[in-house]
Amino acid sequence: MLLRTHYVFTTGLLTFLGTVATREPVLSVVFAGLVSVLANSLIDYLGHEVRGSFIARTPLTHTWLRSVAWGSIATAFATGLIGYIVHGLRLGDLATLATISAVLAGPSHMLLDVFTEKGIYVKRDGKWTRFALAHYRYNDPLANGLASLIGVSLIFATSLLA
């Protein structure tokens, strides 16, 4: 999927779940947006290598478990930044948002990539192999549009919770 699609989808998912958990929609959307950009950029920047004119995914970031680690690093940075900037913030809400984001930011990236033709990596017989549920191109307008629509819908659904 396109990087901007990852941003929108992850922001929507984290905003919705963060608002359900904290009842703080503004904090949730700001935190989710920051984590989404950091985590998804980190995963794609570190997890793609250039081979001539071809860009390939690597198992460094494009596995379920490793994506949690990269999402956690991005979340830790965002937590520190938000905590430093915003004074008077309830630490419990920030800790809740950080926990949700750390666990789900990376896997939300994998959830979208598993539907693309390059898929994600899984370990089979001790070797990394690609796994895909569907084979959409990374820039397929329908797949990217649907994922973005889901993300935006989750953000709008958040307004019903508040």
# chains A, B, ... in the order shown; residues from 1 in each chain; ligands from 1
call {"tool": "select_by_dssp", "arguments": {"residues": "chain A", "states": "strand (DSSP E)", "output": "JSON, numbers by chain"}}
result
{"A": [48, 49, 50, 51, 54, 55, 56, 57, 120, 121, 122, 123, 124, 127, 128, 129, 130, 131]}
call {"tool": "write_last_selection", "arguments": {"atoms": "N, CA and C atoms", "output": "PDB file, in the first residue's frame"}}
result
ATOM      1  N   HIS A  48      12.777  -1.394   3.387  1.00  0.00           N
ATOM      2  CA  HIS A  48      12.856  -1.477   1.933  1.00  0.00           C
ATOM      3  C   HIS A  48      14.298  -1.286   1.516  1.00  0.00           C
ATOM      4  N   GLU A  49      14.755  -2.109   0.590  1.00  0.00           N
ATOM      5  CA  GLU A  49      16.101  -1.920   0.059  1.00  0.00           C
ATOM      6  C   GLU A  49      16.011  -1.797  -1.456  1.00  0.00           C
ATOM      7  N   VAL A  50      16.892  -0.997  -1.995  1.00  0.00           N
ATOM      8  CA  VAL A  50      16.911  -0.746  -3.439  1.00  0.00           C
ATOM      9  C   VAL A  50      17.868  -1.727  -4.094  1.00  0.00           C
ATOM     10  N   ARG A  51      17.345  -2.443  -5.066  1.00  0.00           N
ATOM     11  CA  ARG A  51      18.142  -3.391  -5.860  1.00  0.00           C
ATOM     12  C   ARG A  51      18.035  -2.965  -7.319  1.00  0.00           C
ATOM     13  N   PHE A  54      14.658  -1.690  -8.636  1.00  0.00           N
ATOM     14  CA  PHE A  54      13.615  -2.436  -7.934  1.00  0.00           C
ATOM     15  C   PHE A  54      13.728  -2.195  -6.427  1.00  0.00           C
ATOM     16  N   ILE A  55      12.606  -1.944  -5.779  1.00  0.00           N
ATOM     17  CA  ILE A  55      12.579  -1.770  -4.323  1.00  0.00           C
ATOM     18  C   ILE A  55      11.975  -3.030  -3.712  1.00  0.00           C
ATOM     19  N   ALA A  56      12.704  -3.648  -2.781  1.00  0.00           N
ATOM     20  CA  ALA A  56      12.258  -4.902  -2.170  1.00  0.00           C
ATOM     21  C   ALA A  56      12.022  -4.717  -0.678  1.00  0.00           C
ATOM     22  N   ARG A  57      10.996  -5.372  -0.180  1.00  0.00           N
ATOM     23  CA  ARG A  57      10.758  -5.414   1.264  1.00  0.00           C
ATOM     24  C   ARG A  57      11.728  -6.402   1.888  1.00  0.00           C
ATOM     25  N   ILE A 120       4.041  -9.925   3.162  1.00  0.00           N
ATOM     26  CA  ILE A 120       4.905  -9.729   4.329  1.00  0.00           C
ATOM     27  C   ILE A 120       5.736 -11.007   4.488  1.00  0.00           C
ATOM     28  N   TYR A 121       6.612 -10.998   5.457  1.00  0.00           N
ATOM     29  CA  TYR A 121       7.454 -12.175   5.688  1.00  0.00           C
ATOM     30  C   TYR A 121       6.952 -12.986   6.876  1.00  0.00           C
ATOM     31  N   VAL A 122       6.969 -14.307   6.698  1.00  0.00           N
ATOM     32  CA  VAL A 122       6.682 -15.247   7.780  1.00  0.00           C
ATOM     33  C   VAL A 122       7.792 -16.298   7.757  1.00  0.00           C
ATOM     34  N   LYS A 123       8.031 -16.900   8.889  1.00  0.00           N
ATOM     35  CA  LYS A 123       9.098 -17.901   8.968  1.00  0.00           C
ATOM     36  C   LYS A 123       8.493 -19.288   8.739  1.00  0.00           C
ATOM     37  N   ARG A 124       9.033 -19.981   7.744  1.00  0.00           N
ATOM     38  CA  ARG A 124       8.617 -21.347   7.434  1.00  0.00           C
ATOM     39  C   ARG A 124       9.862 -22.202   7.299  1.00  0.00           C
ATOM     40  N   LYS A 127      13.183 -20.420   7.455  1.00  0.00           N
ATOM     41  CA  LYS A 127      13.530 -19.435   6.428  1.00  0.00           C
ATOM     42  C   LYS A 127      12.409 -18.410   6.293  1.00  0.00           C
ATOM     43  N   TRP A 128      12.806 -17.183   5.978  1.00  0.00           N
ATOM     44  CA  TRP A 128      11.818 -16.139   5.728  1.00  0.00           C
ATOM     45  C   TRP A 128      11.236 -16.331   4.335  1.00  0.00           C
ATOM     46  N   THR A 129       9.906 -16.415   4.261  1.00  0.00           N
ATOM     47  CA  THR A 129       9.221 -16.502   2.977  1.00  0.00           C
ATOM     48  C   THR A 129       8.126 -15.452   2.943  1.00  0.00           C
ATOM     49  N   ARG A 130       7.782 -15.060   1.747  1.00  0.00           N
ATOM     50  CA  ARG A 130       6.713 -14.067   1.590  1.00  0.00           C
ATOM     51  C   ARG A 130       5.357 -14.737   1.743  1.00  0.00           C
ATOM     52  N   PHE A 131       4.435 -13.974   2.312  1.00  0.00           N
ATOM     53  CA  PHE A 131       3.073 -14.454   2.484  1.00  0.00           C
ATOM     54  C   PHE A 131       2.129 -13.319   2.116  1.00  0.00           C
TER      55      PHE A 131
END
call {"tool": "select_by_dssp", "arguments": {"residues": "chain A", "states": "helix (DSSP H, G or I)", "output": "PyMOL selection string"}}
result
chain A and resi 3-22+25-47+64-85+91-113+141-161
call {"tool": "residues_around", "arguments": {"residues": "Leu27 (chain A)", "least_positions_apart": "3", "cutoff": "10 Å", "atoms": "only C-alpha atoms", "output": "MDAnalysis selection string"}}
result
chainID A and resid 15 18:19 22:24 30:33 82 86 89 93:94 97
call {"tool": "residues_around", "arguments": {"residues": "Thr5 (chain A)", "least_positions_apart": "6", "cutoff": "9 Å", "atoms": "only C-alpha atoms", "output": "count of residues only"}}
result
6
call {"tool": "residues_around", "arguments": {"residues": "Ala69 (chain A)", "least_positions_apart": "6", "cutoff": "10 Å", "atoms": "only C-alpha atoms", "output": "list in words"}}
result
Ala39, Ile43, Thr61, Thr75, Ala102, Val103, Ala105, Gly106 and Pro107 of chain A
call {"tool": "write_last_selection", "arguments": {"atoms": "C-alpha atoms", "output": "PDB file, in the first residue's frame"}}
result
ATOM      1  CA  ALA A  39       5.889   4.089  12.791  1.00  0.00           C
ATOM      2  CA  ILE A  43       8.903   0.528   8.879  1.00  0.00           C
ATOM      3  CA  THR A  61      10.560  -4.713   9.507  1.00  0.00           C
ATOM      4  CA  THR A  75       5.412   5.191  20.104  1.00  0.00           C
ATOM      5  CA  ALA A 102       2.919   0.223  20.708  1.00  0.00           C
ATOM      6  CA  VAL A 103       1.003  -2.996  20.186  1.00  0.00           C
ATOM      7  CA  ALA A 105       0.915   0.584  15.017  1.00  0.00           C
ATOM      8  CA  GLY A 106       3.290  -1.904  13.380  1.00  0.00           C
ATOM      9  CA  PRO A 107       0.793  -4.728  12.867  1.00  0.00           C
TER      10      PRO A 107
END
call {"tool": "residues_around", "arguments": {"residues": "Leu14 (chain A)", "least_positions_apart": "3", "cutoff": "8 Å", "atoms": "only C-alpha atoms", "output": "PDB file with C-alpha atoms, in the first residue's frame"}}
result
ATOM      1  CA  THR A  10      -3.277   3.536  11.220  1.00  0.00           C
ATOM      2  CA  THR A  11      -4.385   6.981  12.399  1.00  0.00           C
ATOM      3  CA  LEU A  17      -9.313   2.531  19.964  1.00  0.00           C
ATOM      4  CA  GLY A  18      -7.600   5.327  21.901  1.00  0.00           C
ATOM      5  CA  SER A  28      -6.175  10.382  20.689  1.00  0.00           C
ATOM      6  CA  VAL A  29      -6.182  11.773  17.139  1.00  0.00           C
ATOM      7  CA  ALA A  32      -2.395   8.525  16.704  1.00  0.00           C
ATOM      8  CA  ILE A 100      -2.432   0.662  22.360  1.00  0.00           C
ATOM      9  CA  SER A 101      -0.122   2.303  19.818  1.00  0.00           C
ATOM     10  CA  LEU A 104      -0.982  -2.036  17.066  1.00  0.00           C
ATOM     11  CA  ALA A 105       0.915   0.584  15.017  1.00  0.00           C
TER      12      ALA A 105
END
call {"tool": "atom_distance", "arguments": {"atom1": "CA of Leu133 (chain A)", "atom2": "CA of Phe115 (chain A)"}}
result
5.2 Å
call {"tool": "closest_residue", "arguments": {"among": "A:Pro25, A:Leu81, A:Tyr138, A:Ala74", "to": "Arg4 (chain A)", "atoms": "only C-alpha atoms"}}
result
A:Tyr138
call {"tool": "residues_around", "arguments": {"residues": "His6 (chain A)", "least_positions_apart": "3", "cutoff": "8 Å", "atoms": "only C-alpha atoms", "output": "number ranges by chain"}}
result
A: 1-3, 9-10, 36, 40, 108-109, 112, 148
call {"tool": "write_last_selection", "arguments": {"atoms": "C-alpha atoms", "output": "PDB file, in the first residue's frame"}}
result
ATOM      1  CA  MET A   1       0.000   0.000   0.000  1.00  0.00           C
ATOM      2  CA  LEU A   2       1.029   3.587  -0.420  1.00  0.00           C
ATOM      3  CA  LEU A   3       2.638   5.209   2.594  1.00  0.00           C
ATOM      4  CA  PHE A   9      -5.529   3.690   8.151  1.00  0.00           C
ATOM      5  CA  THR A  10      -3.277   3.536  11.220  1.00  0.00           C
ATOM      6  CA  SER A  36       1.204   6.650  12.541  1.00  0.00           C
ATOM      7  CA  ASN A  40       4.865   3.650   9.158  1.00  0.00           C
ATOM      8  CA  SER A 108      -1.642  -2.304  11.209  1.00  0.00           C
ATOM      9  CA  HIS A 109       1.072  -1.729   8.594  1.00  0.00           C
ATOM     10  CA  LEU A 112      -2.413  -3.667   4.804  1.00  0.00           C
ATOM     11  CA  SER A 148      -8.126   4.975   3.438  1.00  0.00           C
TER      12      SER A 148
END
